[in-house]
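Contents: one structure, followed by commentary.
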2 protein chains.
Amino acid sequence: MVLDNVRQVLGQLKGKTFRRLFLVACGGSQALMMPSKIFADKVSKTLMPQHYNSNEFIALDPVTLNEDSVVILCSQEGKTPETVKAAAFAREKGASVITIAMVDDSLLEKAGGSLFVKYGYYETCDAIDTSYGVMYLLVAGLIDNQEGTNHFGMMSESLIKVNPVIQKAKKDWEETLTAYGEKNKDAKVIYSLAAGTNYSQSYVLCNCYLMEMQWINAIPIHAGEFFHGPFEIIEKGSPVILLMGCDSCRFLEERALEFCRKYTDNLLVIDASKCDLSGIDENYAGYMTTLILNNLCRLFCKKIAITRNHSLDIRRYMHIVEY
Amino acid sequence: MVLDNVRQVLGQLKGKTFRRLFLVACGGSQALMMPSKIFADKVSKTLMPQHYNSNEFIALDPVTLNEDSVVILCSQEGKTPETVKAAAFAREKGASVITIAMVDDSLLEKAGGSLFVKYGYYETCDAIDTSYGVMYLLVAGLIDNQEGTNHFGMMSESLIKVNPVIQKAKKDWEETLTAYGEKNKDAKVIYSLAAGTNYSQSYVLCNCYLMEMQWINAIPIHAGEFFHGPFEIIEKGSPVILLMGCDSCRFLEERALEFCRKYTDNLLVIDASKCDLSGIDENYAGYMTTLILNNLCRLFCKKIAITRNHSLDIRRYMHIVEY
C-alpha cells in the first residue's frame, strides 16, 4: 500500500524534469535522508541532490530553489515546525514538494500539498514501508522518471529481500548488544564510527538514541575524518561502536576497524555485511546494510535503556519546555 | 601575491562552463571548505557544489564527476595521501583540478597539475592569504567566470577589511578565552554549537583543536539540529561554546543562545557580530565573521593548552604509528 502510494506520487511527477533535489528535515528525519542523498549523488546524472536541516534550508534560501526543483520533506508526526515552514517556503518558490510522515492530515502534509506519502512505524512494518524505504523509493523513482533507469525496481526488490534479514539480525545480535550496554552503562562518552550511507546511523545513534534518549555523551565520527583529528582521543577502554556495511565506503570502516582493534579493548563492531545478503543485487546491498544497522542501533539503545533503568521516553526539554 | 596567484588560476579557467563544483579534503582542510560550499549553494545558479572527505569522494565516484566538473582540493602540507589520490582520481575523470597547499612542489600539487595556489600560514599572514581566504576567492571567481557576477571583487574587499578586525578581536578576547579555559581545563566533554558557515568552526574546534590537540572529548552540534535530540544532554554546568556570526543562519544560533542561557551556567558565547564590521558589505559580512571565529577558537585552544600544560603539538598516533 505504501508502495502504491509512492508510485502514485512519482506518477504525478512523471514528465517533469528537475535540475535539483532538496532533501529537508530535522534530527532523525534529517539523518534518514542521508543514505538517499548519497544514492542520488552516486548515480544521478541530472538531479544534483542537496541535503539540509529545515531551518538552514530556509535561511540559506539557495538560488537554485525554484520550479526546476523537487523538495522532499519528512517529519514523523508531521508537525515539526521548522519542516512545516520549509515545505511552505519551497512551495512559494515554485518547487514540486513531496512530504512524508507517519500520520495523515498533518500540518506538514497540508503545507506540502497533494504529493504525500504516509509511511509505517519502524517497529511493526516491513523495511519497504518505513521512512528509509520510502526515501529510497522516491529518490530512485525520481531518477528513473527523468533518466530512464530502473533503480525503483531494483530498490523495491532489495527492500523486500532485506526484510527477513533484518528480523534475523535482531535475534542474532540481542545478546551481544545487551552485553555491550551492560559493560558501558556508566560510560562518560561513547564514540560511533561509520562512513558512506552508514554514517547516518552513527549520527542517529549518538544524537537521537544516546544523547536525547539516554543522556549519554556520544560523538558520531565519520570513519574517513577519524584519522584527521578525532582518533587522538582513543585509548585503552574507550567505548567505540563501529558500524560496518557493504557500500563503496566500506574500506574506510575497515581502516577504522584495524586502528580501533589495536588501541581500545572496548570496541563493538556491528558488521551488517556478515548477514546473509544473498539474492540482493550488489549495487543495492550497501543501502540495505544501512537499514540493518539502523535496526541494530535501535535495539542496542533499547537494551541499554533497560540496563540503565532510563526509559527511552523520558525527556527534560523536548515538547516539555519552550525553546 | 596570493591574490595574483588566485587570479591567474581563475584566468586559466575562464571560458569554461562547469556544471559541478566538488570541494574535497580531509579534517581541518575539509572543514575550511564548508563556508565556501555554503556560499556557492546560496548564490550560484550553475555550479551545484558538493563537499566530500577525500576518500569518500573516491569511493562514491559520483557519476557527474567528469570534464564538466571543477574540483578544488586542499592539504596544508600537500601530502595527505587520500587527498593526493583524490586529485589524481579527479584528473583521470577529466575534471579541471585546482589544488591549494601551504607549500610548493608538494605531492598534491604534482597530482593536481598546473592549477595550484600556495596560501599563507594562518598565524602570520593576512586573512586574504589564508586557506579560507583563498577558498572564498576561488569559489567567488569560478561563479563570476560563468555567471557574470562580481563576487570576487566583493569578497576580496571584505577579506582585506576584516583583517584588522581579526587582530583586534584576538586582543579583546584573550582574557575571556583564557578564563574559560581555566574554568574548564578538566572538563569531561565540551559542546560547541553553531549554524551556517560557522558550523565549520564548531567542527574544527571539536575535532582538531580539542580532540586531536588536547585529547578533550568535544561534540560539534549544528545549532538547528540541537533541538532535535542533543539538547537533552545539557544541564547545569555543561560547558557549551556557542559560536555566533552574522550570516543568514544567525537566528539558529540565537535560538540556541536563549536555550543555553537558561539551562547551563557554563556557557561561553563568542559572538563575532559584535566586532566592528563597518565598511564590510552585509552580503559578505557573515563569511567574514566565520574567519573571526576561526581565529578566536584557535586562540582559545592555545590558552587551554597552556593552562593544561598539554602542548598543541603532542600526538600519540598522527604521523607516529601506522594507520
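Within each chain, counting starts at residue 1; across the C-alpha cells, chains are named A, B, ... in the order shown, with ligands numbered 1 upward in that order.
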
**OP:** With a cut-off of 6 Å and counting only C-alpha atoms, select all residues of chain A in contact with chain B and give the selection as a ChimeraX atom specification.
**Re:** /A:27,41-43,45,59-60,62-64,207-208,211-212,215,225,228-230,232-233,248-249

Original post:
What residues in region 64-285 of chain B get the DSSP label strand (DSSP E or B)? Please answer as a count of residues only.
Top reply: 37

Subject >> Close residues, Leu277 (chain B) itself excluded, 12 Å, only C-alpha atoms, min 6 positions apart in chain, as a ChimeraX atom specification >> reply: /B:158-166,168-169,245-246,283-289,292

Do you know which residues are at most 9 Å from Leu3 (chain A) counting only C-alpha atoms, after dropping those on the same chain fewer than 3 positions away, and could you put them as a JSON list (two decimals) with C-alpha atoms, in the first residue's frame?
```
[["chain", "number", "residue", "atom", "x", "y", "z"],
["A", 6, "VAL", "CA", 4.90, 6.11, -3.68],
["A", 7, "ARG", "CA", 4.16, 5.01, -7.25],
["A", 8, "GLN", "CA", 1.22, 7.37, -7.44],
["A", 128, "ILE", "CA", 9.91, -1.14, 2.39],
["A", 129, "ASP", "CA", 7.17, 0.70, 4.30],
["A", 134, "VAL", "CA", 10.06, 5.36, 1.19],
["A", 137, "LEU", "CA", 11.97, 4.54, -3.46],
["A", 156, "SER", "CA", 11.96, -2.22, -4.10]]
```

**OP:** Excluding Leu10 (chain A) and any residue of its chain fewer than 5 positions from it, enumerate the residues within 10 Å of it, using only C-alpha atoms, and give them as a PyMOL selection string.
**Re:** chain A and resi 4-5+15+98+115+137-142+144-145

Only C-alpha atoms, please: the residues just picked out, written as a PDB file, in the first residue's frame.
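Written output follows (part_22.pdb):
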```pdb
ATOM      1  CA  ASP A   4       1.322   2.115  -4.355  1.00  0.00           C
ATOM      2  CA  ASN A   5       1.280   5.488  -2.666  1.00  0.00           C
ATOM      3  CA  GLY A  15       7.204  14.177 -17.461  1.00  0.00           C
ATOM      4  CA  ILE A  98       6.732  15.861  -1.609  1.00  0.00           C
ATOM      5  CA  LEU A 115       2.185  14.848  -3.038  1.00  0.00           C
ATOM      6  CA  LEU A 137      11.968   4.535  -3.459  1.00  0.00           C
ATOM      7  CA  LEU A 138      11.109   8.184  -4.000  1.00  0.00           C
ATOM      8  CA  VAL A 139      14.641   9.152  -4.933  1.00  0.00           C
ATOM      9  CA  ALA A 140      15.080   6.059  -7.119  1.00  0.00           C
ATOM     10  CA  GLY A 141      11.788   6.809  -8.876  1.00  0.00           C
ATOM     11  CA  LEU A 142      12.601  10.471  -9.417  1.00  0.00           C
ATOM     12  CA  ASP A 144      14.112   6.835 -13.208  1.00  0.00           C
ATOM     13  CA  ASN A 145      11.448   9.371 -14.232  1.00  0.00           C
TER      14      ASN A 145
END
```

**OP:** Identify, with DSSP run on backbone atoms, the residues in region 26-243 of chain B assigned to helix (DSSP H, G or I), and express the list as a PyMOL selection string.
**Re:** chain B and resi 27-31+34-43+54-60+81-92+107-112+127-129+131-147+151-183+196-214+226-228+230-233

Save the residues we just selected, C-alpha atoms, as a tab-separated table (two decimals), in the first residue's frame?
```tsv
chain	number	residue	atom	x	y	z
B	27	GLY	CA	39.93	17.05	8.56
B	28	GLY	CA	40.65	20.73	9.10
B	29	SER	CA	41.13	21.26	5.36
B	30	GLN	CA	37.74	19.67	4.74
B	31	ALA	CA	36.12	21.91	7.34
B	34	MET	CA	32.35	24.27	4.32
B	35	PRO	CA	31.80	28.06	4.26
B	36	SER	CA	32.73	28.25	0.57
B	37	LYS	CA	30.39	25.38	-0.18
B	38	ILE	CA	27.55	27.21	1.55
B	39	PHE	CA	28.43	30.39	-0.35
B	40	ALA	CA	28.17	28.58	-3.69
B	41	ASP	CA	24.96	26.85	-2.60
B	42	LYS	CA	23.42	30.16	-1.76
B	43	VAL	CA	24.38	32.23	-4.77
B	54	SER	CA	38.76	12.76	0.08
B	55	ASN	CA	38.42	9.01	0.48
B	56	GLU	CA	34.64	9.17	0.37
B	57	PHE	CA	34.85	11.19	-2.84
B	58	ILE	CA	36.83	8.41	-4.50
B	59	ALA	CA	34.65	5.64	-3.05
B	60	LEU	CA	31.38	7.26	-4.09
B	81	PRO	CA	47.59	10.65	0.96
B	82	GLU	CA	43.80	10.49	0.49
B	83	THR	CA	43.70	13.99	-0.96
B	84	VAL	CA	46.65	13.40	-3.26
B	85	LYS	CA	44.88	10.27	-4.50
B	86	ALA	CA	41.61	12.18	-4.92
B	87	ALA	CA	43.36	14.81	-7.06
B	88	ALA	CA	44.73	12.13	-9.39
B	89	PHE	CA	41.31	10.46	-9.47
B	90	ALA	CA	39.59	13.71	-10.45
B	91	ARG	CA	42.08	14.32	-13.25
B	92	GLU	CA	41.56	10.82	-14.61
B	107	LEU	CA	52.65	15.67	-3.89
B	108	LEU	CA	49.23	17.28	-4.06
B	109	GLU	CA	50.39	19.95	-6.49
B	110	LYS	CA	52.02	17.28	-8.64
B	111	ALA	CA	48.90	15.13	-8.65
B	112	GLY	CA	46.66	18.09	-9.42
B	127	ALA	CA	43.06	36.80	6.11
B	128	ILE	CA	43.03	37.11	2.33
B	129	ASP	CA	46.15	34.94	2.06
B	131	SER	CA	43.33	28.90	3.08
B	132	TYR	CA	39.90	30.30	4.00
B	133	GLY	CA	40.56	33.46	2.02
B	134	VAL	CA	41.82	31.53	-1.00
B	135	MET	CA	38.79	29.22	-0.94
B	136	TYR	CA	36.37	32.14	-0.84
B	137	LEU	CA	38.19	33.84	-3.71
B	138	LEU	CA	38.42	30.74	-5.87
B	139	VAL	CA	34.75	29.87	-5.49
B	140	ALA	CA	33.68	33.51	-5.95
B	141	GLY	CA	35.82	33.76	-9.08
B	142	LEU	CA	34.55	30.48	-10.55
B	143	ILE	CA	30.99	31.73	-10.14
B	144	ASP	CA	31.88	35.12	-11.67
B	145	ASN	CA	33.62	33.38	-14.60
B	146	GLN	CA	30.45	31.74	-15.78
B	147	GLU	CA	27.66	33.86	-14.31
B	151	HIS	CA	31.59	38.16	-6.07
B	152	PHE	CA	35.38	38.09	-6.39
B	153	GLY	CA	35.68	41.84	-6.03
B	154	MET	CA	33.33	41.98	-3.08
B	155	MET	CA	34.95	39.01	-1.40
B	156	SER	CA	38.50	40.33	-1.75
B	157	GLU	CA	37.41	43.74	-0.46
B	158	SER	CA	35.72	42.10	2.54
B	159	LEU	CA	38.76	39.94	3.27
B	160	ILE	CA	41.01	42.99	3.28
B	161	LYS	CA	38.65	44.89	5.57
B	162	VAL	CA	38.22	42.06	8.07
B	163	ASN	CA	41.95	41.72	8.71
B	164	PRO	CA	42.35	44.46	11.36
B	165	VAL	CA	39.05	43.33	12.90
B	166	ILE	CA	40.53	39.87	13.47
B	167	GLN	CA	43.66	41.32	15.04
B	168	LYS	CA	41.62	43.49	17.39
B	169	ALA	CA	39.28	40.61	18.30
B	170	LYS	CA	42.23	38.45	19.32
B	171	LYS	CA	43.36	41.12	21.79
B	172	ASP	CA	39.88	41.85	23.07
B	173	TRP	CA	39.06	38.21	23.69
B	174	GLU	CA	42.31	36.99	25.21
B	175	GLU	CA	41.28	37.36	28.82
B	176	THR	CA	37.81	35.82	28.44
B	177	LEU	CA	39.09	32.84	26.48
B	178	THR	CA	41.90	32.23	28.96
B	179	ALA	CA	39.47	32.32	31.88
B	180	TYR	CA	37.03	29.92	30.22
B	181	GLY	CA	39.88	27.51	29.51
B	182	GLU	CA	41.00	27.67	33.14
B	183	LYS	CA	37.47	27.02	34.34
B	196	GLY	CA	25.52	28.03	8.69
B	197	THR	CA	29.09	28.91	7.78
B	198	ASN	CA	30.07	28.92	11.46
B	199	TYR	CA	29.32	25.25	11.96
B	200	SER	CA	32.67	24.68	10.25
B	201	GLN	CA	34.31	26.31	13.27
B	202	SER	CA	32.50	24.11	15.79
B	203	TYR	CA	33.75	21.19	13.72
B	204	VAL	CA	37.35	22.41	13.72
B	205	LEU	CA	37.26	23.40	17.40
B	206	CYS	CA	35.99	19.98	18.48
B	207	ASN	CA	37.71	17.63	16.05
B	208	CYS	CA	41.05	19.34	15.55
B	209	TYR	CA	41.71	21.63	18.48
B	210	LEU	CA	40.08	19.79	21.38
B	211	MET	CA	40.02	16.10	20.42
B	212	GLU	CA	43.23	15.96	18.38
B	213	MET	CA	45.40	18.53	20.12
B	214	GLN	CA	44.08	18.40	23.70
B	226	PHE	CA	20.49	20.73	18.61
B	227	PHE	CA	16.76	20.94	19.38
B	228	HIS	CA	16.05	17.61	17.73
B	230	PRO	CA	21.31	16.59	21.54
B	231	PHE	CA	19.92	19.40	23.73
B	232	GLU	CA	18.59	16.79	26.15
B	233	ILE	CA	22.15	16.25	27.40
```

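Atom pair CA of Ser192 (chain A) / CA of Ile270 (chain A) has a distance of 10.6 Å (rounded to one decimal).
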